[in-house]
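Since the structure comes first, as structure tokens, the remarks are kept for the end.
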Amino acid sequence: MDQTVKTSSTGLSLKSPAILAGLYMVGAGIAFAAVNSLTQLATLIEGTSSTSAAFWQYAIAALVSAPFVLKAGLAGLKTDHLTLHILRVIAATIGVQLWVYGLSLGVPIWQAIALIMTSTFFVTIGAALLLKEKVGPARWLATLVGFAGGMIILQPWSDAFELKTLLPIGAAFFWAVTSLFTKELTKTENPQSITLYLLLLLTPINLALALGTPTGIAISTAPAIQWIIIAGLLVALAQWLITKAYATADAAYVQPFDHLKLPFNVLAGFYVFGWVPGGDLWLGAALIIAASLFIAHRESQAQSA
């Protein structure tokens, strides 16, 4: 009996690249939503420092990914742009540290996720100013709309505004810098080399940052150890799923599925902490998603031209 499930209207099956790529990204979104809530359980509730939580999560993910590193061998480390690799990993590490620190201070996960989605717009600005890419009026307008959505969520004019809510914006900025470095490296480096340097350098830098704090790499409680181990395993799984998604279908097709991480994190935050987002979240998120989808569409058109 044929186990392939087909839809009568489209003829797509669960084995088709389009369906598989979408499922991979959905799976990654669910995994990251779990990671975020587990991180807040370990830090906000159990008292583990954000630097320790970040170190152990990504150390565990790197350990799980070790077979990939060993299989690639030293050939994968051949590069003419070592400095650029190091700068990329430093930017990624700062993004991770700001993100986890924000979660540890109790920034509601739904707000943090919505704000981190502004990374797309930082990439657009950086591509224009640093990489000298041509950015037309339509993309600049979309960028402004996206930032307007971020401001609606952040509400810096409100009495309820707290400085800690800027941490996800900082993480978005440094992850955008990481993307710009990645974009520049892909002109001369192979994806294997880019991935290997990230895996090999991220953990030592996180370790150095953790050891520079009074608590070092200590984990506060037994439950926190449990949450961090599970989170580390899920980080590795999510990264693998994202890699599979982009290897299975075009980035322009896959990217919209990434926006599903917002409702997944809203549900996780509600289930674990009882956090209920305000109505402004959905208005701001709608502007961010619409603007980022437009930018992704325009970039896809430019690449195919």
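The chains in the structure tokens are called A, B, ... from first to last as shown; in each chain the residues are counted from 1, and the ligands are counted from 1 in the order shown.
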Please extract the residues of region 6-106 of chain A with a backbone DSSP assignment of alpha helix (DSSP H) and present them as an mmCIF file with C-alpha atoms, in the first residue's frame.
data_model
loop_
_atom_site.group_PDB
_atom_site.id
_atom_site.type_symbol
_atom_site.label_atom_id
_atom_site.label_comp_id
_atom_site.auth_asym_id
_atom_site.auth_seq_id
_atom_site.Cartn_x
_atom_site.Cartn_y
_atom_site.Cartn_z
ATOM 1 C CA PRO A 17 10.591 19.048 -1.397
ATOM 2 C CA ALA A 18 8.181 21.938 -0.837
ATOM 3 C CA ILE A 19 6.244 20.122 1.901
ATOM 4 C CA LEU A 20 9.402 18.733 3.513
ATOM 5 C CA ALA A 21 11.129 22.127 3.592
ATOM 6 C CA GLY A 22 8.089 23.716 5.228
ATOM 7 C CA LEU A 23 7.887 20.929 7.804
ATOM 8 C CA TYR A 24 11.592 21.301 8.591
ATOM 9 C CA MET A 25 11.162 25.025 9.296
ATOM 10 C CA VAL A 26 8.020 24.459 11.354
ATOM 11 C CA GLY A 27 9.906 21.843 13.369
ATOM 12 C CA ALA A 28 12.774 24.278 13.928
ATOM 13 C CA GLY A 29 10.328 26.950 15.115
ATOM 14 C CA ILE A 30 8.765 24.568 17.628
ATOM 15 C CA ALA A 31 12.219 23.483 18.854
ATOM 16 C CA PHE A 32 13.382 27.079 19.347
ATOM 17 C CA ALA A 33 10.149 27.978 21.177
ATOM 18 C CA ALA A 34 10.876 25.134 23.604
ATOM 19 C CA VAL A 35 14.504 26.288 23.954
ATOM 20 C CA ASN A 36 13.407 29.808 24.866
ATOM 21 C CA SER A 37 11.004 28.669 27.572
ATOM 22 C CA LEU A 38 13.524 26.164 28.949
ATOM 23 C CA THR A 39 16.134 28.937 29.058
ATOM 24 C CA GLN A 40 13.814 31.132 31.090
ATOM 25 C CA SER A 50 22.648 33.884 31.457
ATOM 26 C CA THR A 51 26.319 33.450 30.494
ATOM 27 C CA SER A 52 26.444 29.956 31.990
ATOM 28 C CA ALA A 53 23.158 28.951 30.329
ATOM 29 C CA ALA A 54 24.380 30.224 26.948
ATOM 30 C CA PHE A 55 27.706 28.416 27.298
ATOM 31 C CA TRP A 56 26.212 25.044 28.211
ATOM 32 C CA GLN A 57 23.430 25.176 25.613
ATOM 33 C CA TYR A 58 25.785 25.807 22.730
ATOM 34 C CA ALA A 59 28.507 23.528 24.136
ATOM 35 C CA ILE A 60 26.002 20.668 24.166
ATOM 36 C CA ALA A 61 24.842 21.574 20.655
ATOM 37 C CA ALA A 62 28.474 21.630 19.478
ATOM 38 C CA LEU A 63 29.117 18.231 21.100
ATOM 39 C CA VAL A 64 26.107 16.746 19.317
ATOM 40 C CA ALA A 66 30.977 16.904 16.674
ATOM 41 C CA PRO A 67 30.595 13.983 14.213
ATOM 42 C CA PHE A 68 30.001 16.543 11.453
ATOM 43 C CA VAL A 69 33.189 18.403 12.430
ATOM 44 C CA LEU A 70 35.246 15.203 12.579
ATOM 45 C CA LYS A 71 33.900 14.014 9.234
ATOM 46 C CA ALA A 72 34.812 17.279 7.545
ATOM 47 C CA LEU A 82 40.270 33.864 9.110
ATOM 48 C CA THR A 83 39.726 37.366 10.533
ATOM 49 C CA LEU A 84 36.305 37.618 8.904
ATOM 50 C CA HIS A 85 35.333 34.204 10.323
ATOM 51 C CA ILE A 86 36.391 35.307 13.810
ATOM 52 C CA LEU A 87 34.499 38.613 13.572
ATOM 53 C CA ARG A 88 31.409 36.735 12.395
ATOM 54 C CA VAL A 89 31.510 34.363 15.357
ATOM 55 C CA ILE A 90 32.108 37.222 17.811
ATOM 56 C CA ALA A 91 29.023 39.022 16.457
ATOM 57 C CA ALA A 92 26.991 35.805 16.701
ATOM 58 C CA THR A 93 28.182 35.270 20.284
ATOM 59 C CA ILE A 94 27.225 38.796 21.350
ATOM 60 C CA GLY A 95 23.793 38.211 19.813
ATOM 61 C CA VAL A 96 23.390 34.955 21.760
ATOM 62 C CA GLN A 97 24.534 36.585 25.012
ATOM 63 C CA LEU A 98 22.162 39.554 24.670
ATOM 64 C CA TRP A 99 19.296 37.239 23.774
ATOM 65 C CA VAL A 100 19.779 34.879 26.722
ATOM 66 C CA TYR A 101 20.405 37.806 29.104
ATOM 67 C CA GLY A 102 17.106 39.375 28.039
ATOM 68 C CA LEU A 103 15.278 36.105 28.676
ATOM 69 C CA SER A 104 16.973 35.760 32.077
#
ask   = CA of Pro156 (chain A) to CA of Thr118 (chain A): how many Å, to one decimal?
value =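 Distance between the two atoms: 15.6 Å.
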inquiry  = Give me, as a ChimeraX atom specification, all polymer residues having an atom no more than 7 Å from region 271-287 of chain A, counting only C-alpha atoms and skipping those fewer than 2 positions away in the same chain.
reply    = /A:110,114,145-146,149-150,152-153,267-269,289-291
task = Tell me, as a PyMOL selection string, which residues lie within 7 Å of Ala176 (chain A), counting only C-alpha atoms; anything in the same chain fewer than 3 positions away does not count.
result = chain A and resi 119-120+122-123+172-173+179-180
For the residues selected in the previous step, produce a file with N, CA and C atoms as a compact mmCIF listing (two decimals), in the first residue's frame.
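Written output follows (selection.txt):
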# COMPACT_ATOMS: atom_id res chain seq x y z
N SER A 119 15.65 41.90 12.77
CA SER A 119 16.99 41.63 12.24
C SER A 119 17.04 41.81 10.72
N THR A 120 15.96 41.44 10.04
CA THR A 120 15.89 41.58 8.58
C THR A 120 16.16 43.02 8.14
N PHE A 122 17.84 45.40 9.83
CA PHE A 122 19.25 45.75 10.07
C PHE A 122 20.12 45.21 8.94
N VAL A 123 19.77 44.01 8.44
CA VAL A 123 20.52 43.43 7.32
C VAL A 123 20.40 44.32 6.08
N ALA A 172 19.12 41.30 17.78
CA ALA A 172 18.75 41.37 16.36
C ALA A 172 19.82 42.09 15.56
N PHE A 173 20.37 43.17 16.13
CA PHE A 173 21.41 43.92 15.44
C PHE A 173 22.65 43.06 15.22
N SER A 179 24.85 37.95 9.79
CA SER A 179 24.34 37.63 8.45
C SER A 179 25.13 38.36 7.36
N LEU A 180 25.51 39.61 7.64
CA LEU A 180 26.29 40.38 6.66
C LEU A 180 27.68 39.76 6.47
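Considering the residues A:Phe181, A:Trp240, A:Thr48, A:Ala42 and counting only C-alpha atoms, Ala210 (chain A) has its shortest atom-to-atom contact with A:Thr48.
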task = Kindly indicate which residue among A:Ile116, A:Glu46, A:Leu200, A:Thr186 lies nearest to His259 (chain A), using only C-alpha atoms for the distances.
result = A:Ile116
Please provide the set of residues having any atom within 8 Å of Ile113 (chain A), restricted to only C-alpha atoms, with same-chain residues fewer than 4 positions apart removed, written as a PDB file with N, CA, C and O atoms, in the first residue's frame.
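Dumped everything to result.pdb:
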ATOM      1  N   ILE A 109       8.611  36.306  26.358  1.00  0.00           N
ATOM      2  CA  ILE A 109       9.141  35.665  25.160  1.00  0.00           C
ATOM      3  C   ILE A 109       8.420  36.133  23.904  1.00  0.00           C
ATOM      4  O   ILE A 109       9.033  36.288  22.842  1.00  0.00           O
ATOM      5  N   MET A 117      12.690  39.765  15.232  1.00  0.00           N
ATOM      6  CA  MET A 117      12.372  39.687  13.809  1.00  0.00           C
ATOM      7  C   MET A 117      12.752  40.960  13.051  1.00  0.00           C
ATOM      8  O   MET A 117      12.726  40.993  11.828  1.00  0.00           O
ATOM      9  N   PRO A 168      16.570  42.306  23.162  1.00  0.00           N
ATOM     10  CA  PRO A 168      16.294  41.579  21.912  1.00  0.00           C
ATOM     11  C   PRO A 168      16.618  42.403  20.664  1.00  0.00           C
ATOM     12  O   PRO A 168      17.035  41.838  19.642  1.00  0.00           O
ATOM     13  N   LYS A 261       7.425  31.092  14.146  1.00  0.00           N
ATOM     14  CA  LYS A 261       8.027  31.021  15.476  1.00  0.00           C
ATOM     15  C   LYS A 261       7.316  31.956  16.461  1.00  0.00           C
ATOM     16  O   LYS A 261       7.332  31.706  17.671  1.00  0.00           O
ATOM     17  N   LEU A 262       6.687  33.025  15.954  1.00  0.00           N
ATOM     18  CA  LEU A 262       5.995  33.948  16.854  1.00  0.00           C
ATOM     19  C   LEU A 262       4.821  33.277  17.565  1.00  0.00           C
ATOM     20  O   LEU A 262       4.784  33.252  18.801  1.00  0.00           O
ATOM     21  N   ASN A 265       6.014  30.662  20.082  1.00  0.00           N
ATOM     22  CA  ASN A 265       6.562  31.213  21.315  1.00  0.00           C
ATOM     23  C   ASN A 265       5.483  31.842  22.189  1.00  0.00           C
ATOM     24  O   ASN A 265       5.580  31.807  23.415  1.00  0.00           O
TER      25      ASN A 265
END
key: d(CA of Ala128 (chain A), CA of Phe174 (chain A)) in Å   =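 These two atoms are separated by 16.4 Å.
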